[in-house]
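Next comes coords.cif, with mmCIF, C-alpha atoms.
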data_work
loop_
_atom_site.label_atom_id
_atom_site.label_comp_id
_atom_site.auth_asym_id
_atom_site.auth_seq_id
_atom_site.Cartn_x
_atom_site.Cartn_y
_atom_site.Cartn_z
CA LYS A 1 27.71 3.94 11.00
CA ASN A 2 23.94 3.91 10.60
CA GLU A 3 21.99 6.63 12.37
CA VAL A 4 19.57 4.02 13.74
CA GLU A 5 20.98 0.73 14.95
CA GLN A 6 18.94 -2.24 16.10
CA SER A 7 20.03 -5.33 17.97
CA PRO A 8 19.86 -8.19 17.64
CA GLN A 9 19.37 -8.59 13.90
CA ASN A 10 17.86 -12.03 14.36
CA LEU A 11 16.26 -13.60 17.40
CA THR A 12 14.75 -17.03 18.00
CA ALA A 13 12.79 -17.60 21.19
CA GLN A 14 10.67 -20.28 22.75
CA GLU A 15 7.00 -19.60 23.34
CA GLY A 16 6.49 -17.85 26.66
CA GLU A 17 9.91 -16.21 26.81
CA PHE A 18 10.44 -12.52 27.58
CA ILE A 19 11.94 -10.77 24.56
CA THR A 20 13.85 -7.51 24.31
CA ILE A 21 14.78 -5.70 21.11
CA ASN A 22 17.04 -2.67 21.33
CA CYS A 23 17.32 0.49 19.25
CA SER A 24 19.99 3.17 19.47
CA TYR A 25 20.06 6.36 17.47
CA SER A 26 22.58 9.12 16.94
CA VAL A 27 20.45 12.04 15.69
CA GLY A 28 18.07 14.50 17.29
CA ILE A 29 14.48 13.32 17.09
CA SER A 30 10.91 14.39 17.64
CA ALA A 31 9.66 10.85 18.14
CA LEU A 32 10.66 7.20 17.99
CA HIS A 33 8.46 4.59 16.37
CA TRP A 34 8.24 0.83 16.63
CA LEU A 35 6.77 -0.97 13.64
CA GLN A 36 5.86 -4.60 12.99
CA GLN A 37 6.14 -6.25 9.60
CA HIS A 38 4.65 -9.71 9.15
CA PRO A 39 5.90 -12.18 6.52
CA GLY A 40 3.14 -11.07 4.14
CA GLY A 41 4.85 -7.68 4.06
CA GLY A 42 2.31 -5.35 5.65
CA ILE A 43 3.64 -2.80 8.15
CA VAL A 44 1.78 -1.79 11.29
CA SER A 45 2.70 0.94 13.72
CA LEU A 46 2.99 -0.44 17.27
CA PHE A 47 4.17 2.55 19.27
CA MET A 48 5.16 6.16 18.94
CA LEU A 49 7.23 7.52 21.83
CA SER A 50 8.72 10.85 22.68
CA SER A 51 9.43 10.04 26.33
CA GLY A 52 8.91 7.41 29.02
CA LYS A 53 7.08 4.17 28.47
CA LYS A 54 4.01 2.82 26.69
CA LYS A 55 2.21 -0.52 26.99
CA HIS A 56 -0.21 -2.27 24.66
CA GLY A 57 -1.20 -5.72 25.84
CA ARG A 58 1.97 -7.84 26.03
CA LEU A 59 4.12 -5.19 24.34
CA ILE A 60 6.03 -2.54 26.22
CA ALA A 61 8.17 0.19 24.68
CA THR A 62 10.54 2.46 26.56
CA ILE A 63 12.74 5.34 25.53
CA ASN A 64 15.65 7.08 27.23
CA ILE A 65 16.15 10.39 25.48
CA GLN A 66 19.44 11.19 27.23
CA GLU A 67 20.93 7.81 26.30
CA LYS A 68 19.34 7.91 22.79
CA HIS A 69 18.09 4.40 23.31
CA SER A 70 14.77 2.57 23.14
CA SER A 71 13.71 -0.97 23.91
CA LEU A 72 10.74 -3.03 22.80
CA HIS A 73 9.74 -5.81 25.18
CA ILE A 74 7.39 -8.69 24.48
CA THR A 75 6.13 -10.57 27.50
CA ALA A 76 4.87 -14.16 27.27
CA SER A 77 5.90 -14.42 23.62
CA HIS A 78 3.74 -16.39 21.22
CA PRO A 79 4.37 -17.79 17.72
CA ARG A 80 2.04 -15.13 16.30
CA ASP A 81 4.61 -12.53 17.47
CA SER A 82 6.97 -13.85 14.76
CA ALA A 83 7.66 -10.87 12.54
CA VAL A 84 10.25 -8.23 11.72
CA TYR A 85 10.30 -5.37 14.24
CA ILE A 86 11.52 -2.05 12.92
CA CYS A 87 12.67 0.97 14.89
CA ALA A 88 12.33 4.37 13.24
CA VAL A 89 13.08 7.92 14.36
CA SER A 90 11.41 11.03 13.05
CA GLY A 91 12.14 14.71 12.97
CA THR A 92 9.50 17.20 11.92
CA TYR A 93 8.92 15.59 8.54
CA LYS A 94 11.61 12.99 7.91
CA TYR A 95 11.99 9.39 9.00
CA ILE A 96 15.08 7.23 9.42
CA PHE A 97 14.66 3.50 9.89
CA GLY A 98 16.70 0.73 11.42
CA THR A 99 17.20 -2.40 9.37
CA GLY A 100 14.90 -4.44 11.57
CA THR A 101 15.02 -7.39 13.97
CA ARG A 102 13.70 -10.67 12.65
CA LEU A 103 11.95 -12.51 15.49
CA LYS A 104 10.90 -16.12 15.35
CA VAL A 105 8.96 -17.59 18.27
CA LEU A 106 8.84 -21.37 18.38
CA ALA A 107 5.90 -23.28 19.83
CA GLU B 1 -12.62 1.40 7.09
CA ALA B 2 -9.61 3.67 7.53
CA GLN B 3 -6.98 2.63 5.06
CA VAL B 4 -4.17 3.48 2.69
CA THR B 5 -4.42 1.80 -0.69
CA GLN B 6 -1.73 1.32 -3.30
CA ASN B 7 -1.97 0.19 -6.91
CA PRO B 8 -0.70 -1.87 -8.47
CA ARG B 9 0.41 -4.37 -5.83
CA TYR B 10 2.81 -6.10 -8.20
CA LEU B 11 4.43 -4.75 -11.34
CA ILE B 12 7.05 -6.08 -13.70
CA THR B 13 8.25 -3.58 -16.27
CA VAL B 14 11.16 -2.82 -18.54
CA THR B 15 13.86 -0.21 -18.28
CA GLY B 16 12.75 3.22 -19.42
CA LYS B 17 8.99 2.66 -19.51
CA LYS B 18 7.32 5.36 -17.44
CA LEU B 19 5.10 4.15 -14.63
CA THR B 20 2.99 5.52 -11.80
CA VAL B 21 2.21 3.86 -8.49
CA THR B 22 -0.91 5.33 -6.95
CA CYS B 23 -1.48 5.92 -3.24
CA SER B 24 -4.74 7.00 -1.69
CA GLN B 25 -5.88 7.48 1.92
CA ASN B 26 -9.39 7.99 3.27
CA MET B 27 -8.48 9.48 6.66
CA ASN B 28 -8.08 13.14 5.65
CA HIS B 29 -4.42 12.96 6.67
CA GLU B 30 -2.18 15.92 5.90
CA TYR B 31 1.15 14.04 5.83
CA MET B 32 1.95 11.38 3.24
CA SER B 33 5.21 9.69 2.41
CA TRP B 34 6.80 7.15 0.08
CA TYR B 35 9.41 4.59 1.12
CA ARG B 36 11.35 1.85 -0.55
CA GLN B 37 12.46 -1.29 1.25
CA ASP B 38 15.50 -3.25 0.17
CA PRO B 39 17.17 -6.27 1.82
CA GLY B 40 19.91 -5.22 4.18
CA LEU B 41 19.06 -1.53 3.80
CA GLY B 42 15.64 -1.43 5.41
CA LEU B 43 13.13 1.28 4.68
CA ARG B 44 14.30 4.53 3.18
CA GLN B 45 12.25 7.65 2.61
CA ILE B 46 11.85 8.78 -1.02
CA TYR B 47 9.56 11.81 -0.84
CA TYR B 48 7.06 13.22 1.58
CA SER B 49 4.22 15.73 1.47
CA MET B 50 3.12 17.96 4.31
CA ASN B 51 -0.11 18.99 2.58
CA VAL B 52 -1.63 19.68 -0.82
CA GLU B 53 0.95 21.11 -3.25
CA VAL B 54 3.73 20.84 -0.62
CA THR B 55 6.30 18.10 -1.17
CA ASP B 56 9.96 17.59 -0.32
CA LYS B 57 12.76 15.10 -0.85
CA GLY B 58 13.59 12.29 1.49
CA ASP B 59 16.89 10.44 1.55
CA VAL B 60 16.66 8.68 -1.82
CA PRO B 61 14.67 10.88 -4.25
CA GLU B 62 16.78 10.34 -7.37
CA GLY B 63 14.78 8.87 -10.25
CA TYR B 64 11.40 9.56 -8.66
CA LYS B 65 8.77 12.29 -8.86
CA VAL B 66 5.67 12.92 -6.80
CA SER B 67 2.70 15.24 -6.83
CA ARG B 68 0.01 16.15 -4.30
CA LYS B 69 -2.87 17.78 -6.11
CA GLU B 70 -5.52 16.41 -3.76
CA LYS B 71 -5.25 15.66 -0.07
CA ARG B 72 -6.12 11.99 -0.44
CA ASN B 73 -3.76 11.07 -3.29
CA PHE B 74 0.02 10.96 -3.49
CA PRO B 75 1.24 9.18 -6.63
CA LEU B 76 4.84 8.07 -7.14
CA ILE B 77 6.13 8.52 -10.67
CA LEU B 78 9.12 6.77 -12.20
CA GLU B 79 9.81 8.64 -15.44
CA SER B 80 12.47 6.24 -16.70
CA PRO B 81 12.73 3.21 -14.41
CA SER B 82 16.03 1.40 -14.07
CA PRO B 83 16.84 -2.01 -12.57
CA ASN B 84 18.19 -0.39 -9.40
CA GLN B 85 14.65 0.80 -8.68
CA THR B 86 13.52 -2.81 -8.28
CA SER B 87 12.21 -2.75 -4.74
CA LEU B 88 9.23 -3.01 -2.41
CA TYR B 89 7.48 0.36 -2.13
CA PHE B 90 5.28 1.57 0.69
CA CYS B 91 3.08 4.61 0.93
CA ALA B 92 2.08 5.90 4.36
CA SER B 93 0.03 8.69 5.85
CA SER B 94 -0.42 10.36 9.22
CA PRO B 95 -2.57 13.18 10.61
CA GLY B 96 0.13 15.80 10.87
CA THR B 97 3.89 15.85 10.98
CA ALA B 98 6.20 12.89 11.42
CA SER B 99 5.40 12.89 15.15
CA TYR B 100 2.22 10.91 14.63
CA GLU B 101 1.73 7.21 14.08
CA GLN B 102 1.79 6.34 10.42
CA TYR B 103 -0.66 4.18 8.53
CA PHE B 104 1.02 2.12 5.83
CA GLY B 105 -0.31 0.88 2.54
CA PRO B 106 0.04 -2.81 1.62
CA GLY B 107 3.12 -2.30 -0.52
CA THR B 108 3.91 -2.48 -4.23
CA ARG B 109 6.53 -4.94 -5.42
CA LEU B 110 8.22 -3.49 -8.49
CA THR B 111 10.61 -5.36 -10.74
CA VAL B 112 12.43 -3.47 -13.50
CA THR B 113 14.18 -5.68 -16.06
#

Rewrite the coordinates I just gave you, this time as structure tokens.
Amino acid sequence: KNEVEQSPQNLTAQEGEFITINCSYSVGISALHWLQQHPGGGIVSLFMLSSGKKKHGRLIATINIQEKHSSLHITASHPRDSAVYICAVSGTYKYIFGTGTRLKVLA
Amino acid sequence: EAQVTQNPRYLITVTGKKLTVTCSQNMNHEYMSWYRQDPGLGLRQIYYSMNVEVTDKGDVPEGYKVSRKEKRNFPLILESPSPNQTSLYFCASSPGTASYEQYFGPGTRLTVT
């Protein structure tokens, strides 16, 4: 069993839909990270969380430390949100990544 | 512009021919790290560096070497590349420990034949 599990692996949505991507982990962590990787390959950090909730524009990330679970929500999804979303957990110096959720938003 | 640069971006080489992938950041970050990304396996950490002259192994260090002689540079060295090191490689940096947001380089696609 992987230490970081994401679901779903693939997701297709219609423009405007509310999207949720889930991440569960089984190790102790200092922080949880959500990353976005566009088809060109570049990786951008969206959020870093150690507790609670963060919001950037239409993106919301939450973490429940007791449940070892995090969710990434996209409100009013748009085709430009099409990308791979990667959950990662970090200790003091090490990172462990999930295998990613491939999101496609149709116009 | 704050950035992490990697060179080369694409490389095709043959088994056993030593190569170096360079990584440089202009943000005065202490922490730097190398990852490889493979289909179905996701990103995996190869090596990381907490500061100049301080490096340690990640989850998949076999076949790789690193050095951190200057704060801005963190090269990845493959002394004798093998086909199983064909992968997409990313360098990243952050201000301190792993509890900061990372800045990723653009990636280096390596093919070893």

Point (0.0, -10.2, 27.0), cut-off 9 Å, counting all atoms listed in the file, residues as a JSON list (two decimals) with C-alpha atoms, in the coordinates of the input:
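As written to disk, part11.json reads:
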[["chain", "number", "residue", "atom", "x", "y", "z"],
["A", 56, "HIS", "CA", -0.21, -2.27, 24.66],
["A", 57, "GLY", "CA", -1.20, -5.72, 25.84],
["A", 58, "ARG", "CA", 1.97, -7.84, 26.03],
["A", 59, "LEU", "CA", 4.12, -5.19, 24.34],
["A", 74, "ILE", "CA", 7.39, -8.69, 24.48],
["A", 75, "THR", "CA", 6.13, -10.57, 27.50],
["A", 76, "ALA", "CA", 4.87, -14.16, 27.27],
["A", 77, "SER", "CA", 5.90, -14.42, 23.62]]

- Could you tell me which of A:Ser50, A:Ser82, A:Ser26, A:Asn10 comes closest to A:Arg102 if we count only C-alpha atoms?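 Nearest candidate to A:Arg102 out of A:Ser50, A:Ser82, A:Ser26, A:Asn10: A:Asn10.
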
- Task: Apply the PyMOL selection byres ((chain A) within 8 of (chain B)) to the structure shown and report the selected residues as a ChimeraX atom specification.
- Result: /A:30-31,33,41-45,47-48,90-100

- Message: Starting from the PyMOL selection byres ((chain B and resi 68) around 6), expand the selection into actual residues of this file and give them as number ranges by chain.
- Response: B: 52-53, 67, 69-70, 74

- Task: Show which residues sit within 7 Å of B:Leu19, as a list in words. Count all atoms listed in the file, and ignore same-chain residues fewer than 5 positions away.
- Result: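 Contacts, in chain order: Ile77, Leu78 and Glu79 of chain B.
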
- Query: With all atoms listed in the file as the basis for distance, which of B:Pro75, B:Pro83, B:Pro8, B:Pro95 is at the shortest distance from B:Cys23?
  - Reply: B:Pro75

- Message: I want to know what sits within 12 Å of A:Thr62, based on all atoms listed in the file, with residues of the same chain fewer than 2 positions away left out; could you give that as an MDAnalysis selection string?
- Response: chainID A and resid 20:24 31:34 47:56 59:60 64:65 67:74 87

- Which value, in Å to one decimal, gives the distance between atom CA of B:Thr113 and atom CA of B:Gly63?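 Between atom CA of B:Thr113 and atom CA of B:Gly63 the gap works out to 15.7 Å.
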
- Task: Could you please determine the separation between atom CA of B:Glu30 and atom CA of B:Leu110 in Å, to one decimal place?
- Result: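 For atom CA of B:Glu30 relative to atom CA of B:Leu110, the distance reads 26.3 Å.
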
- Starting from the shown file, work through the PyMOL selection byres ((chain B and resi 81) around 6) and note down what comes out as a VMD selection string. chain B and resid 15 to 16 78 80 82

- Point-to-point distance in Å for atom CA of A:Tyr25 and atom CA of A:Tyr85: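 One can read the atom CA of A:Tyr85 to atom CA of A:Tyr25 distance as 15.6 Å.
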
- Query: Smallest atom-to-atom distance to B:Arg72: which of B:Asn51, B:Thr13, B:Asn26, B:Ser94, using only C-alpha atoms?
  - Reply: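 The closest residue to B:Arg72 is B:Asn26.
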
- Query: List as a list of chain:residue names: which residues have an atom within 8 Å of (6.4, -15.6, 12.1), counting all atoms listed in the file?
  - Reply: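 Selection result: A:His38, A:Pro39, A:Pro79, A:Arg80, A:Asp81, A:Ser82, A:Ala83, A:Leu103, A:Lys104, A:Val105.
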
- Item | Selected residue of minimal separation from B:Ala2 among B:Lys71, B:His29, B:Lys18, B:Arg36, counting all atoms listed in the file |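 Checking each of B:Lys71, B:His29, B:Lys18, B:Arg36 against B:Ala2, counting all atoms listed in the file, the winner is B:His29.
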
- Item | Selected residue of minimal separation from B:Val4 among B:Ser87, B:Ser93, B:Thr20, B:Asn28, counting only C-alpha atoms | B:Ser93
